[in-house]
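Student: First the structure, then my questions, so here it is.
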Amino acid sequence: MLPFGVCLPYFDPNTDTGYEINFLYQVSCILWTPPGLTASQNIFCSLIVNICVQYDLLLIQLSDLDELIRSKASDRIICQKLRHIICRQQHLERFITGIERVFSNMAFVEVFFLTLQIVLMLFNFWPPGVLLLPVCILQLFVLCLPGTLIEMKADQLTATIYSIEWHELSATNKRMFQMLLQHSQHPLILTCAGLMTIDMKLFMSVAKKVYSLFMMLENM
């Protein structure tokens with residue numbers, strides 16, 4: 001029995017030579033495919049961790065800003081702190097935009113084919129494929145979880161900005177603070193080709209779609 005249910009064209013698996021070539025090809029797929037997928041997942045997760053760290057740094061700087069306001073620091077010092085925070089926020093937005101541009105299409109392809117693979121494995125009930133079902137679900141979960149983490153960090157940033165004693169600022173600093181607040185109300189998110197937001201809602205939606213497609217195929 002071959003490891004996978006896919007054979008190379010022009011090589012009949014019922015012959016000795018064809019079986020050996022197909023077997024070697026499928027074993028090679030087992031060897032070189034996981035490292036490639038693991039590398040892309042590791043890079044994506046490391047970038048998500050970088051985003052979360054930048055959000056944490058913004059939260060720390062906002063806490064320092066609040067202490068400066070409460071301690072009645074000079075407008076010049078508060079203005080410098082606000083400018084620094086706004087620059088950090090803009091840098092974070094550019095960083096998220098770059099990740100979205102690079103990984104958006106890849107995320108769509110991965111979600112689409114993982115969903116299709118899960119449906120086909122359930123429909124055909126191919127024993128070796130069923131063993132890969134938990135791996136596919138875990139891979140989809142790992143892809144969707146970072147988006148939820150980013151949303152939580154963005155909500156925490158917005159809540160921290162609202163809790164600052166902004167009414168104690170001067171008129172000039174209030175205008176700068178308003179800019180900071182406006183950007184926080186529209187946080188950037190990661191999407192699948194701009195169609196769906198990458199978060200746990202996507203994971204639950206895919207689970208519902210898998211069930212619907214599986215039942216449709218069973219009733220055909």
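Identifiers in the structure tokens: chain A, B, ... in order shown; residue index from 1 per chain; ligand index from 1 in order shown.
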Which residues come within 9 Å of A:Leu65, counting only C-alpha atoms, excluding same-chain residues fewer than 6 positions away, as a PyMOL selection string?
Tutor: chain A and resi 78+81-82+85+164
Student: Excluding stretch 93-98 of chain A and residues on its chain fewer than 3 positions from it, collect all residues at most 8 Å away from it, counting only C-alpha atoms, and give them as a list in words.
Tutor: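 Counting only the stated atoms, we get Ile51, Gln89, Gln90, Arg101, Val102, Leu188, Ile189 and Leu190 of chain A.
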Student: At a cut-off of 9 Å, using only C-alpha atoms, what residues contact stretch 200-209 of chain A? Leave out same-chain residues fewer than 6 positions from it and give the result as a list in words.
Tutor: Val111, Thr115, Leu140, Phe141, Leu143, Cys144, Leu145, Pro146, Gly147 and Thr148 of chain A
Student: Just write the chosen residues, C-alpha atoms, as a PDB file, in the first residue's frame.
Tutor:
```pdb
ATOM      1  CA  VAL A 111      -7.220  28.213   4.771  1.00  0.00           C
ATOM      2  CA  THR A 115     -10.735  23.253   4.531  1.00  0.00           C
ATOM      3  CA  LEU A 140      -5.685  25.984  10.983  1.00  0.00           C
ATOM      4  CA  PHE A 141      -5.921  26.833  14.686  1.00  0.00           C
ATOM      5  CA  LEU A 143      -3.057  30.284  11.756  1.00  0.00           C
ATOM      6  CA  CYS A 144      -6.204  31.835  13.293  1.00  0.00           C
ATOM      7  CA  LEU A 145      -5.003  32.325  16.876  1.00  0.00           C
ATOM      8  CA  PRO A 146      -2.473  35.163  16.185  1.00  0.00           C
ATOM      9  CA  GLY A 147      -5.168  37.380  14.684  1.00  0.00           C
ATOM     10  CA  THR A 148      -7.173  37.152  17.902  1.00  0.00           C
TER      11      THR A 148
END
```
